[in-house]
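Asker: Structure file coords-v3.pdb (PDB, C-alpha atoms, pLDDT in the B column) is given on the next line.
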```pdb
ATOM      1  CA  TRP A   5      -1.413   6.147  -3.891  1.00 91.00           C
ATOM      2  CA  LYS A   6       0.057   3.600  -6.295  1.00 94.00           C
ATOM      3  CA  TRP A   7       0.739   1.192  -3.416  1.00 95.00           C
ATOM      4  CA  MET A   8      -2.747   1.753  -2.010  1.00 94.00           C
ATOM      5  CA  HIS A   9      -4.376   1.003  -5.367  1.00 94.00           C
ATOM      6  CA  ILE A  10      -2.343  -2.109  -6.167  1.00 97.00           C
ATOM      7  CA  THR A  11      -2.828  -3.609  -2.697  1.00 97.00           C
ATOM      8  CA  GLU A  12      -6.576  -3.023  -2.971  1.00 96.00           C
ATOM      9  CA  GLU A  13      -6.632  -4.710  -6.380  1.00 97.00           C
ATOM     10  CA  TYR A  14      -4.655  -7.626  -4.984  1.00 97.00           C
ATOM     11  CA  CYS A  15      -6.917  -8.066  -1.956  1.00 97.00           C
ATOM     12  CA  LYS A  16      -9.955  -8.062  -4.238  1.00 95.00           C
ATOM     13  CA  GLY A  17      -8.446 -10.678  -6.535  1.00 96.00           C
ATOM     14  CA  LYS A  18      -7.777  -8.289  -9.431  1.00 97.00           C
ATOM     15  CA  ALA A  19      -3.958  -8.469  -9.316  1.00 97.00           C
ATOM     16  CA  ASP A  20      -1.337 -11.146  -8.693  1.00 96.00           C
ATOM     17  CA  PHE A  21       0.959 -11.093  -5.677  1.00 97.00           C
ATOM     18  CA  LYS A  22       3.945 -10.277  -7.888  1.00 96.00           C
ATOM     19  CA  ALA A  23       2.438  -6.823  -8.434  1.00 97.00           C
ATOM     20  CA  LEU A  24       3.277  -5.920  -4.824  1.00 97.00           C
ATOM     21  CA  PRO A  25       7.085  -6.347  -4.966  1.00 96.00           C
ATOM     22  CA  GLU A  26       7.042  -4.903  -8.497  1.00 96.00           C
ATOM     23  CA  THR A  27       5.392  -1.746  -7.167  1.00 96.00           C
ATOM     24  CA  LEU A  28       7.955  -1.439  -4.385  1.00 94.00           C
ATOM     25  CA  GLU A  29      10.724  -1.850  -6.953  1.00 92.00           C
ATOM     26  CA  PHE A  30       9.104   0.897  -9.043  1.00 92.00           C
ATOM     27  CA  TYR A  31       9.351   3.281  -6.084  1.00 90.00           C
ATOM     28  CA  LYS A  32      13.076   2.560  -5.749  1.00 85.00           C
ATOM     29  CA  THR A  33      13.742   3.658  -9.335  1.00 86.00           C
ATOM     30  CA  TYR A  34      11.092   6.365  -9.814  1.00 86.00           C
ATOM     31  CA  PHE A  35      11.845   8.451  -6.700  1.00 85.00           C
ATOM     32  CA  PRO A  36      15.171   9.734  -5.336  1.00 87.00           C
ATOM     33  CA  LEU A  37      16.599   7.445  -2.667  1.00 81.00           C
ATOM     34  CA  HIS A  38      16.171  10.043   0.078  1.00 83.00           C
ATOM     35  CA  ALA A  39      12.508  10.692  -0.806  1.00 85.00           C
ATOM     36  CA  MET A  40      10.117   9.553   1.931  1.00 85.00           C
ATOM     37  CA  ARG A  41       6.874   8.099   0.590  1.00 89.00           C
ATOM     38  CA  MET A  42       3.807   8.238   2.817  1.00 93.00           C
ATOM     39  CA  TYR A  43       2.041   4.884   3.109  1.00 95.00           C
ATOM     40  CA  PHE A  44      -1.521   4.450   4.362  1.00 94.00           C
ATOM     41  CA  THR A  45      -4.479   2.114   4.476  1.00 95.00           C
ATOM     42  CA  SER A  46      -7.067   4.901   4.808  1.00 93.00           C
ATOM     43  CA  ASN A  47      -7.461   8.653   4.501  1.00 89.00           C
ATOM     44  CA  HIS A  48     -10.278  11.216   4.235  1.00 87.00           C
ATOM     45  CA  ASP A  49     -10.891  10.793   0.485  1.00 87.00           C
ATOM     46  CA  GLU A  50     -10.567   7.023   0.440  1.00 87.00           C
ATOM     47  CA  ASN A  51     -12.737   6.405   3.485  1.00 84.00           C
ATOM     48  CA  SER A  52     -15.597   8.579   2.253  1.00 90.00           C
ATOM     49  CA  TRP A  53     -15.639   7.807  -1.453  1.00 89.00           C
ATOM     50  CA  CYS A  54     -14.038   4.393  -1.945  1.00 87.00           C
ATOM     51  CA  GLY A  55     -14.645   2.599   1.334  1.00 90.00           C
ATOM     52  CA  THR A  56     -13.049   1.837   4.671  1.00 93.00           C
ATOM     53  CA  GLU A  57      -9.793  -0.069   4.925  1.00 95.00           C
ATOM     54  CA  TYR A  58     -11.851  -3.137   5.839  1.00 95.00           C
ATOM     55  CA  GLU A  59     -13.969  -2.816   2.716  1.00 95.00           C
ATOM     56  CA  LYS A  60     -10.815  -2.598   0.615  1.00 95.00           C
ATOM     57  CA  TYR A  61      -8.477  -4.998   2.408  1.00 96.00           C
ATOM     58  CA  ASP A  62     -10.693  -7.252   4.532  1.00 96.00           C
ATOM     59  CA  ILE A  63      -8.470  -9.545   6.663  1.00 97.00           C
ATOM     60  CA  TYR A  64      -5.293  -7.903   5.362  1.00 98.00           C
ATOM     61  CA  ALA A  65      -6.016  -4.424   6.782  1.00 97.00           C
ATOM     62  CA  ARG A  66      -3.847  -4.802   9.882  1.00 98.00           C
ATOM     63  CA  ALA A  67      -1.020  -6.518   7.995  1.00 98.00           C
ATOM     64  CA  LEU A  68      -0.895  -3.588   5.585  1.00 98.00           C
ATOM     65  CA  ALA A  69      -0.901  -1.174   8.531  1.00 98.00           C
ATOM     66  CA  VAL A  70       2.162  -3.040   9.822  1.00 98.00           C
ATOM     67  CA  PHE A  71       3.754  -2.571   6.416  1.00 98.00           C
ATOM     68  CA  SER A  72       3.015   1.169   6.440  1.00 97.00           C
ATOM     69  CA  CYS A  73       4.801   1.543   9.762  1.00 97.00           C
ATOM     70  CA  THR A  74       7.861  -0.594   9.031  1.00 98.00           C
ATOM     71  CA  TRP A  75       8.734  -0.042   5.366  1.00 97.00           C
ATOM     72  CA  HIS A  76      10.956   2.858   4.288  1.00 94.00           C
ATOM     73  CA  GLY A  77       8.678   5.879   4.490  1.00 93.00           C
ATOM     74  CA  ILE A  78       6.230   7.640   6.776  1.00 94.00           C
ATOM     75  CA  PRO A  79       2.938   6.089   7.930  1.00 96.00           C
ATOM     76  CA  LEU A  80      -0.274   8.085   7.672  1.00 95.00           C
ATOM     77  CA  ILE A  81      -2.803   7.149  10.343  1.00 95.00           C
ATOM     78  CA  TYR A  82      -6.281   8.536   9.729  1.00 92.00           C
ATOM     79  CA  SER A  83      -8.729   9.669  12.398  1.00 89.00           C
ATOM     80  CA  GLY A  84     -10.363   6.784  14.212  1.00 91.00           C
ATOM     81  CA  GLN A  85      -8.267   3.950  12.803  1.00 94.00           C
ATOM     82  CA  GLU A  86      -7.218   3.050  16.338  1.00 95.00           C
ATOM     83  CA  LEU A  87     -10.874   2.417  17.332  1.00 94.00           C
ATOM     84  CA  PRO A  88     -11.226   1.082  14.599  1.00 94.00           C
ATOM     85  CA  VAL A  89     -13.787   3.053  12.565  1.00 89.00           C
ATOM     86  CA  THR A  90     -15.444   0.515  10.277  1.00 90.00           C
ATOM     87  CA  ARG A  91     -17.877   2.832   8.484  1.00 90.00           C
ATOM     88  CA  ARG A  92     -17.516   5.504   5.837  1.00 90.00           C
ATOM     89  CA  LEU A  93     -17.382   9.021   7.257  1.00 89.00           C
ATOM     90  CA  LYS A  94     -19.336  11.835   5.633  1.00 90.00           C
ATOM     91  CA  PHE A  95     -17.148  14.022   3.469  1.00 89.00           C
ATOM     92  CA  PHE A  96     -18.816  17.436   3.550  1.00 91.00           C
ATOM     93  CA  ASP A  97     -20.801  17.236   6.793  1.00 91.00           C
ATOM     94  CA  LYS A  98     -19.567  16.982  10.355  1.00 91.00           C
ATOM     95  CA  ASP A  99     -19.528  13.311  11.256  1.00 89.00           C
ATOM     96  CA  THR A 100     -18.420  12.770  14.833  1.00 90.00           C
ATOM     97  CA  ILE A 101     -16.355   9.721  15.689  1.00 89.00           C
ATOM     98  CA  GLU A 102     -17.756   7.995  18.752  1.00 88.00           C
ATOM     99  CA  TRP A 103     -14.865   7.639  21.220  1.00 89.00           C
ATOM    100  CA  THR A 104     -16.759   5.437  23.655  1.00 83.00           C
ATOM    101  CA  GLY A 105     -15.906   1.967  24.830  1.00 82.00           C
ATOM    102  CA  GLU A 106     -12.653   0.138  24.190  1.00 87.00           C
ATOM    103  CA  ILE A 107     -10.136   1.572  21.748  1.00 94.00           C
ATOM    104  CA  GLN A 108      -9.248  -1.808  20.319  1.00 95.00           C
ATOM    105  CA  LEU A 109      -6.198  -0.932  18.218  1.00 97.00           C
ATOM    106  CA  HIS A 110      -4.621   1.637  20.520  1.00 96.00           C
ATOM    107  CA  ASP A 111      -1.875  -0.745  21.664  1.00 97.00           C
ATOM    108  CA  PHE A 112      -1.421  -2.047  18.117  1.00 98.00           C
ATOM    109  CA  TYR A 113      -0.531   1.380  16.731  1.00 98.00           C
ATOM    110  CA  LYS A 114       1.349   2.429  19.866  1.00 97.00           C
ATOM    111  CA  THR A 115       3.594  -0.629  19.561  1.00 98.00           C
ATOM    112  CA  LEU A 116       4.309   0.067  15.891  1.00 98.00           C
ATOM    113  CA  LEU A 117       5.106   3.738  16.459  1.00 97.00           C
ATOM    114  CA  GLN A 118       7.340   2.986  19.437  1.00 97.00           C
ATOM    115  CA  LEU A 119       9.248   0.519  17.268  1.00 98.00           C
ATOM    116  CA  ARG A 120       9.699   3.205  14.604  1.00 95.00           C
ATOM    117  CA  LYS A 121      10.983   5.665  17.163  1.00 95.00           C
ATOM    118  CA  THR A 122      13.315   3.432  19.160  1.00 96.00           C
ATOM    119  CA  ASN A 123      14.806   0.902  16.728  1.00 97.00           C
ATOM    120  CA  LYS A 124      17.604   2.242  14.514  1.00 97.00           C
ATOM    121  CA  ALA A 125      16.865  -0.374  11.875  1.00 97.00           C
ATOM    122  CA  ILE A 126      13.768   1.666  11.031  1.00 96.00           C
ATOM    123  CA  SER A 127      14.605   5.164  12.268  1.00 94.00           C
ATOM    124  CA  SER A 128      17.832   5.352  10.210  1.00 92.00           C
ATOM    125  CA  GLY A 129      15.947   5.910   6.944  1.00 89.00           C
ATOM    126  CA  ILE A 130      18.088   5.403   3.832  1.00 91.00           C
ATOM    127  CA  HIS A 131      20.840   3.902   5.974  1.00 92.00           C
ATOM    128  CA  SER A 132      18.691   0.847   6.692  1.00 94.00           C
ATOM    129  CA  LEU A 133      16.618   0.282   3.570  1.00 94.00           C
ATOM    130  CA  PRO A 134      14.303  -2.775   3.530  1.00 95.00           C
ATOM    131  CA  VAL A 135      15.498  -5.966   1.848  1.00 95.00           C
ATOM    132  CA  LEU A 136      12.758  -8.213   0.474  1.00 94.00           C
ATOM    133  CA  LEU A 137      13.037 -11.995   0.761  1.00 92.00           C
ATOM    134  CA  GLU A 138      12.342 -13.065  -2.807  1.00 88.00           C
ATOM    135  CA  THR A 139      11.960 -16.749  -1.949  1.00 84.00           C
ATOM    136  CA  ALA A 140       9.025 -15.939   0.351  1.00 89.00           C
ATOM    137  CA  ALA A 141       7.044 -14.463  -2.542  1.00 88.00           C
ATOM    138  CA  THR A 142       6.273 -17.927  -3.904  1.00 89.00           C
ATOM    139  CA  MET A 143       3.879 -18.352  -0.967  1.00 92.00           C
ATOM    140  CA  SER A 144       2.421 -14.825  -1.106  1.00 96.00           C
ATOM    141  CA  LEU A 145       4.471 -13.997   1.968  1.00 96.00           C
ATOM    142  CA  LEU A 146       5.619 -10.381   2.008  1.00 97.00           C
ATOM    143  CA  ALA A 147       8.797 -10.617   4.072  1.00 95.00           C
ATOM    144  CA  PHE A 148      11.653  -8.194   4.558  1.00 96.00           C
ATOM    145  CA  TYR A 149      14.289  -7.089   7.021  1.00 96.00           C
ATOM    146  CA  ARG A 150      15.957  -3.814   7.912  1.00 97.00           C
ATOM    147  CA  LYS A 151      19.369  -3.580   9.582  1.00 96.00           C
ATOM    148  CA  LYS A 152      21.454  -0.828  11.126  1.00 96.00           C
ATOM    149  CA  ASP A 153      24.556  -1.824  13.086  1.00 95.00           C
ATOM    150  CA  ASP A 154      23.369  -4.349  15.705  1.00 94.00           C
ATOM    151  CA  HIS A 155      19.704  -3.405  15.282  1.00 96.00           C
ATOM    152  CA  VAL A 156      17.579  -5.683  13.088  1.00 96.00           C
ATOM    153  CA  VAL A 157      13.849  -5.809  12.355  1.00 97.00           C
ATOM    154  CA  TRP A 158      12.201  -8.705  10.498  1.00 96.00           C
ATOM    155  CA  VAL A 159       8.658  -8.300   9.132  1.00 97.00           C
ATOM    156  CA  PHE A 160       6.482 -11.141   7.828  1.00 96.00           C
ATOM    157  CA  LEU A 161       3.013 -10.541   6.325  1.00 98.00           C
ATOM    158  CA  ASN A 162       0.922 -13.459   5.104  1.00 98.00           C
ATOM    159  CA  MET A 163      -0.851 -11.916   2.119  1.00 97.00           C
ATOM    160  CA  GLY A 164      -2.031 -15.293   0.877  1.00 96.00           C
ATOM    161  CA  LYS A 165      -5.324 -17.101   1.348  1.00 95.00           C
ATOM    162  CA  GLU A 166      -3.878 -20.101   3.181  1.00 96.00           C
ATOM    163  CA  TYR A 167      -1.946 -20.894   6.342  1.00 97.00           C
ATOM    164  CA  ILE A 168       1.810 -20.567   5.772  1.00 95.00           C
ATOM    165  CA  GLN A 169       4.647 -22.527   7.312  1.00 93.00           C
ATOM    166  CA  TYR A 170       7.962 -21.175   6.098  1.00 87.00           C
ATOM    167  CA  ASP A 171      11.509 -22.018   7.178  1.00 88.00           C
ATOM    168  CA  PHE A 172      14.446 -19.904   6.107  1.00 83.00           C
ATOM    169  CA  SER A 173      18.127 -19.601   6.890  1.00 79.00           C
ATOM    170  CA  ILE A 174      19.321 -16.633   8.923  1.00 75.00           C
ATOM    171  CA  ASN A 175      22.983 -17.517   9.418  1.00 73.00           C
ATOM    172  CA  GLU A 176      24.219 -13.922   9.396  1.00 81.00           C
ATOM    173  CA  PHE A 177      21.397 -12.762  11.681  1.00 88.00           C
ATOM    174  CA  GLU A 178      21.844 -15.037  14.660  1.00 88.00           C
ATOM    175  CA  GLY A 179      21.103 -13.579  18.056  1.00 90.00           C
ATOM    176  CA  ASN A 180      18.503 -12.795  20.694  1.00 93.00           C
ATOM    177  CA  TYR A 181      15.365 -11.113  19.380  1.00 95.00           C
ATOM    178  CA  ARG A 182      11.901 -10.406  20.720  1.00 97.00           C
ATOM    179  CA  ASN A 183       8.427 -10.684  19.287  1.00 97.00           C
ATOM    180  CA  VAL A 184       7.454  -7.015  19.009  1.00 98.00           C
ATOM    181  CA  PHE A 185       3.772  -7.526  19.797  1.00 98.00           C
ATOM    182  CA  THR A 186       4.041 -10.148  22.550  1.00 97.00           C
ATOM    183  CA  ALA A 187       7.477  -9.204  23.957  1.00 96.00           C
ATOM    184  CA  GLU A 188       8.350 -12.905  24.025  1.00 96.00           C
ATOM    185  CA  PRO A 189      12.042 -13.744  23.457  1.00 95.00           C
ATOM    186  CA  VAL A 190      13.005 -15.276  20.115  1.00 93.00           C
ATOM    187  CA  ILE A 191      16.411 -16.926  19.737  1.00 90.00           C
ATOM    188  CA  LEU A 192      17.660 -17.202  16.168  1.00 87.00           C
ATOM    189  CA  ASN A 193      20.323 -19.810  15.516  1.00 84.00           C
ATOM    190  CA  ASP A 194      20.650 -20.988  11.932  1.00 78.00           C
ATOM    191  CA  SER A 195      16.992 -20.852  10.877  1.00 81.00           C
ATOM    192  CA  LEU A 196      13.560 -19.456  11.710  1.00 86.00           C
ATOM    193  CA  SER A 197      10.185 -21.137  11.269  1.00 89.00           C
ATOM    194  CA  ILE A 198       7.245 -18.888  10.358  1.00 90.00           C
ATOM    195  CA  ASN A 199       3.682 -20.068  10.999  1.00 95.00           C
ATOM    196  CA  LEU A 200       1.001 -17.577   9.998  1.00 97.00           C
ATOM    197  CA  GLU A 201      -2.691 -17.708   9.207  1.00 98.00           C
ATOM    198  CA  ALA A 202      -3.944 -15.779   6.174  1.00 98.00           C
ATOM    199  CA  GLY A 203      -3.752 -12.059   6.926  1.00 98.00           C
ATOM    200  CA  ALA A 204      -1.555 -12.590   9.991  1.00 98.00           C
ATOM    201  CA  PHE A 205       1.791 -10.917  10.623  1.00 98.00           C
ATOM    202  CA  LEU A 206       4.930 -11.196  12.699  1.00 97.00           C
ATOM    203  CA  ILE A 207       7.630  -8.698  13.668  1.00 98.00           C
ATOM    204  CA  ILE A 208      10.767  -9.729  15.492  1.00 96.00           C
ATOM    205  CA  ALA A 209      13.439  -7.225  16.435  1.00 97.00           C
ATOM    206  CA  LYS A 210      16.640  -6.641  18.349  1.00 94.00           C
TER     207      LYS A 210
END
```
Would you kindly transcribe this structure into structure tokens?
Answerer:
Amino acid sequence: WKWMHITEEYCKGKADFKALPETLEFYKTYFPLHAMRMYFTSNHDENSWCGTEYEKYDIYARALAVFSCTWHGIPLIYSGQELPVTRRLKFFDKDTIEWTGEIQLHDFYKTLLQLRKTNKAISSGIHSLPVLLETAATMSLLAFYRKKDDHVVWVFLNMGKEYIQYDFSINEFEGNYRNVFTAEPVILNDSLSINLEAGAFLIIAK
């Protein structure tokens, strides 16, 4: 809940970007290391009373869903998010979700959950805890990696209001990766260039 509230405040201009890494640091000290927090962008109470994920997060909704599925914890996916449902559902009355037409985010969530299941960098829990890139924070870029043996996952979320071009050194992470969403090969030598529009995201993995 704390993460949900601070990200909403940030997306609505009521908190600075630094509040995001500070909240994640709080979790590291407040909870036991083995505790698994559940991250979400929507649930029954929030959708009905406080608004949909798009009301709260606007263009950052999908980036924060990526975070929920790749950070150390368990993602909560609420009914209809894969459609997506963009309206508030009634709380006390039956309110049927219309499962007609294209399910636009089916592949989006399927890709994220397959990554969680198959890549040891995420599935190893406390043995592959996320490491934030502090230098990226100066551009409101939420960036981190997780590593377990030869398995590595890099996550980049542009939480800023502007286009970002970011180059960083990855000397100890050289190798052949793939773009998780496009399946395109990515070869990392001594650096990686990130180019992301506001609200956009990138995951590369091996």
Asker: As an exercise, work out the distance from atom CA of Ile101 of chain A to atom CA of Trp5 of chain A in Å and give it to one decimal place.
Answerer: 24.9 Å
Asker: Going by the chain IDs and residue numbers used in this file, which residues fall under the PyMOL selection byres ((chain A and resi 41) around 6)? Write them as an MDAnalysis selection string.
Answerer: chainID A and resid 40 42 77
Asker: What is the distance, in Å and to one decimal place, between atom CA of Ser197 of chain A and atom CA of Gln169 of chain A?
Answerer: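 Computing it gives 6.9 Å between the two atoms.
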Asker: Carefully work through the PyMOL selection byres ((chain A and resi 196) around 8) for this structure and note down the residues it includes, as number ranges by chain.
Answerer: A: 171-174, 192-195, 197-198
Asker: In Å, with one decimal, what is the gap from atom CA of His48 of chain A to atom CA of Thr104 of chain A?
Answerer: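 Straight-line distance from atom CA of His48 of chain A to atom CA of Thr104 of chain A works out to 21.3 Å.
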Asker: Excluding same-chain residues fewer than 5 positions from His76 of chain A, what lies within 7 Å of it counting only C-alpha atoms, as a list of chain:residue names?
Answerer: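 Residues near the query, excluding close chain neighbours: A:Gly129, A:Leu133, A:Pro134.
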Asker: How close does segment 122-176 of chain A get to segment 23-32 of chain A? List, as a Markdown table, each residue of segment 122-176 of chain A within 9 Å, its nearest atom pair and the distance in Å to one decimal, counting all atoms listed in the file.
Answerer:
```
| residue | atom | partner | partner_atom | distance |
| --- | --- | --- | --- | --- |
| A:Leu136 | CA | A:Pro25 | CA | 8.1 |
| A:Glu138 | CA | A:Pro25 | CA | 8.8 |
| A:Ala141 | CA | A:Pro25 | CA | 8.5 |
| A:Leu146 | CA | A:Pro25 | CA | 8.2 |
```
Asker: Put those residues in a file: C-alpha atoms, as a PDB file, keeping the file's coordinate frame.
Answerer:
```
ATOM      1  CA  LEU A 136      12.758  -8.213   0.474  1.00 94.00           C
ATOM      2  CA  GLU A 138      12.342 -13.065  -2.807  1.00 88.00           C
ATOM      3  CA  ALA A 141       7.044 -14.463  -2.542  1.00 88.00           C
ATOM      4  CA  LEU A 146       5.619 -10.381   2.008  1.00 97.00           C
TER       5      LEU A 146
END
```
Asker: With segment 54-66 of chain A as the partner and 8 Å as the cut-off, tabulate the residues of segment 86-107 of chain A that qualify, each row holding the nearest pair of atoms and their distance in Å to one decimal, using all atoms listed in the file, sorted by chain and rising number, as a tab-separated table.
Answerer:
```
residue	atom	partner	partner_atom	distance
A:Thr90	CA	A:Thr56	CA	6.2
A:Arg91	CA	A:Thr56	CA	6.2
A:Arg92	CA	A:Thr56	CA	5.9
```
Asker: Would you save segment 22-37 of chain A to a file, keeping N, CA, C and O atoms, as a PDB file, in the first residue's frame?
Answerer:
```
ATOM      1  N   LYS A  22      12.546  11.218  -5.840  1.00  0.00           N
ATOM      2  CA  LYS A  22      13.377  10.601  -4.806  1.00  0.00           C
ATOM      3  C   LYS A  22      12.544   9.804  -3.802  1.00  0.00           C
ATOM      4  O   LYS A  22      13.077   8.923  -3.117  1.00  0.00           O
ATOM      5  N   ALA A  23      11.249  10.121  -3.715  1.00  0.00           N
ATOM      6  CA  ALA A  23      10.388   9.382  -2.787  1.00  0.00           C
ATOM      7  C   ALA A  23      10.229   7.919  -3.191  1.00  0.00           C
ATOM      8  O   ALA A  23       9.959   7.062  -2.345  1.00  0.00           O
ATOM      9  N   LEU A  24      10.411   7.618  -4.477  1.00  0.00           N
ATOM     10  CA  LEU A  24      10.257   6.234  -4.940  1.00  0.00           C
ATOM     11  C   LEU A  24      11.394   5.345  -4.436  1.00  0.00           C
ATOM     12  O   LEU A  24      11.130   4.340  -3.773  1.00  0.00           O
ATOM     13  N   PRO A  25      12.675   5.665  -4.729  1.00  0.00           N
ATOM     14  CA  PRO A  25      13.740   4.830  -4.165  1.00  0.00           C
ATOM     15  C   PRO A  25      13.772   4.852  -2.642  1.00  0.00           C
ATOM     16  O   PRO A  25      14.151   3.854  -2.013  1.00  0.00           O
ATOM     17  N   GLU A  26      13.377   5.973  -2.032  1.00  0.00           N
ATOM     18  CA  GLU A  26      13.344   6.033  -0.567  1.00  0.00           C
ATOM     19  C   GLU A  26      12.323   5.050   0.000  1.00  0.00           C
ATOM     20  O   GLU A  26      12.561   4.423   1.033  1.00  0.00           O
ATOM     21  N   THR A  27      11.194   4.898  -0.678  1.00  0.00           N
ATOM     22  CA  THR A  27      10.184   3.946  -0.235  1.00  0.00           C
ATOM     23  C   THR A  27      10.687   2.519  -0.375  1.00  0.00           C
ATOM     24  O   THR A  27      10.465   1.676   0.510  1.00  0.00           O
ATOM     25  N   LEU A  28      11.363   2.227  -1.463  1.00  0.00           N
ATOM     26  CA  LEU A  28      11.917   0.884  -1.658  1.00  0.00           C
ATOM     27  C   LEU A  28      12.993   0.585  -0.619  1.00  0.00           C
ATOM     28  O   LEU A  28      13.105  -0.551  -0.142  1.00  0.00           O
ATOM     29  N   GLU A  29      13.765   1.587  -0.240  1.00  0.00           N
ATOM     30  CA  GLU A  29      14.765   1.410   0.800  1.00  0.00           C
ATOM     31  C   GLU A  29      14.087   1.163   2.147  1.00  0.00           C
ATOM     32  O   GLU A  29      14.565   0.357   2.959  1.00  0.00           O
ATOM     33  N   PHE A  30      12.984   1.843   2.393  1.00  0.00           N
ATOM     34  CA  PHE A  30      12.205   1.630   3.618  1.00  0.00           C
ATOM     35  C   PHE A  30      11.780   0.170   3.738  1.00  0.00           C
ATOM     36  O   PHE A  30      11.881  -0.435   4.812  1.00  0.00           O
ATOM     37  N   TYR A  31      11.311  -0.419   2.638  1.00  0.00           N
ATOM     38  CA  TYR A  31      10.883  -1.814   2.674  1.00  0.00           C
ATOM     39  C   TYR A  31      12.026  -2.746   3.057  1.00  0.00           C
ATOM     40  O   TYR A  31      11.828  -3.753   3.741  1.00  0.00           O
ATOM     41  N   LYS A  32      13.240  -2.422   2.610  1.00  0.00           N
ATOM     42  CA  LYS A  32      14.394  -3.275   2.885  1.00  0.00           C
ATOM     43  C   LYS A  32      14.716  -3.317   4.375  1.00  0.00           C
ATOM     44  O   LYS A  32      15.219  -4.319   4.887  1.00  0.00           O
ATOM     45  N   THR A  33      14.448  -2.221   5.082  1.00  0.00           N
ATOM     46  CA  THR A  33      14.787  -2.144   6.501  1.00  0.00           C
ATOM     47  C   THR A  33      13.605  -2.462   7.418  1.00  0.00           C
ATOM     48  O   THR A  33      13.791  -2.915   8.536  1.00  0.00           O
ATOM     49  N   TYR A  34      12.386  -2.222   6.926  1.00  0.00           N
ATOM     50  CA  TYR A  34      11.196  -2.387   7.776  1.00  0.00           C
ATOM     51  C   TYR A  34      10.735  -3.838   7.834  1.00  0.00           C
ATOM     52  O   TYR A  34      10.215  -4.290   8.851  1.00  0.00           O
ATOM     53  N   PHE A  35      10.894  -4.579   6.735  1.00  0.00           N
ATOM     54  CA  PHE A  35      10.441  -5.965   6.661  1.00  0.00           C
ATOM     55  C   PHE A  35      11.628  -6.924   6.699  1.00  0.00           C
ATOM     56  O   PHE A  35      12.719  -6.575   6.268  1.00  0.00           O
ATOM     57  N   PRO A  36      11.424  -8.150   7.183  1.00  0.00           N
ATOM     58  CA  PRO A  36      12.480  -9.164   7.091  1.00  0.00           C
ATOM     59  C   PRO A  36      12.852  -9.399   5.630  1.00  0.00           C
ATOM     60  O   PRO A  36      12.018  -9.252   4.734  1.00  0.00           O
ATOM     61  N   LEU A  37      14.096  -9.768   5.382  1.00  0.00           N
ATOM     62  CA  LEU A  37      14.580  -9.941   4.027  1.00  0.00           C
ATOM     63  C   LEU A  37      13.752 -10.954   3.246  1.00  0.00           C
ATOM     64  O   LEU A  37      13.506 -10.781   2.049  1.00  0.00           O
TER      65      LEU A  37
END
```
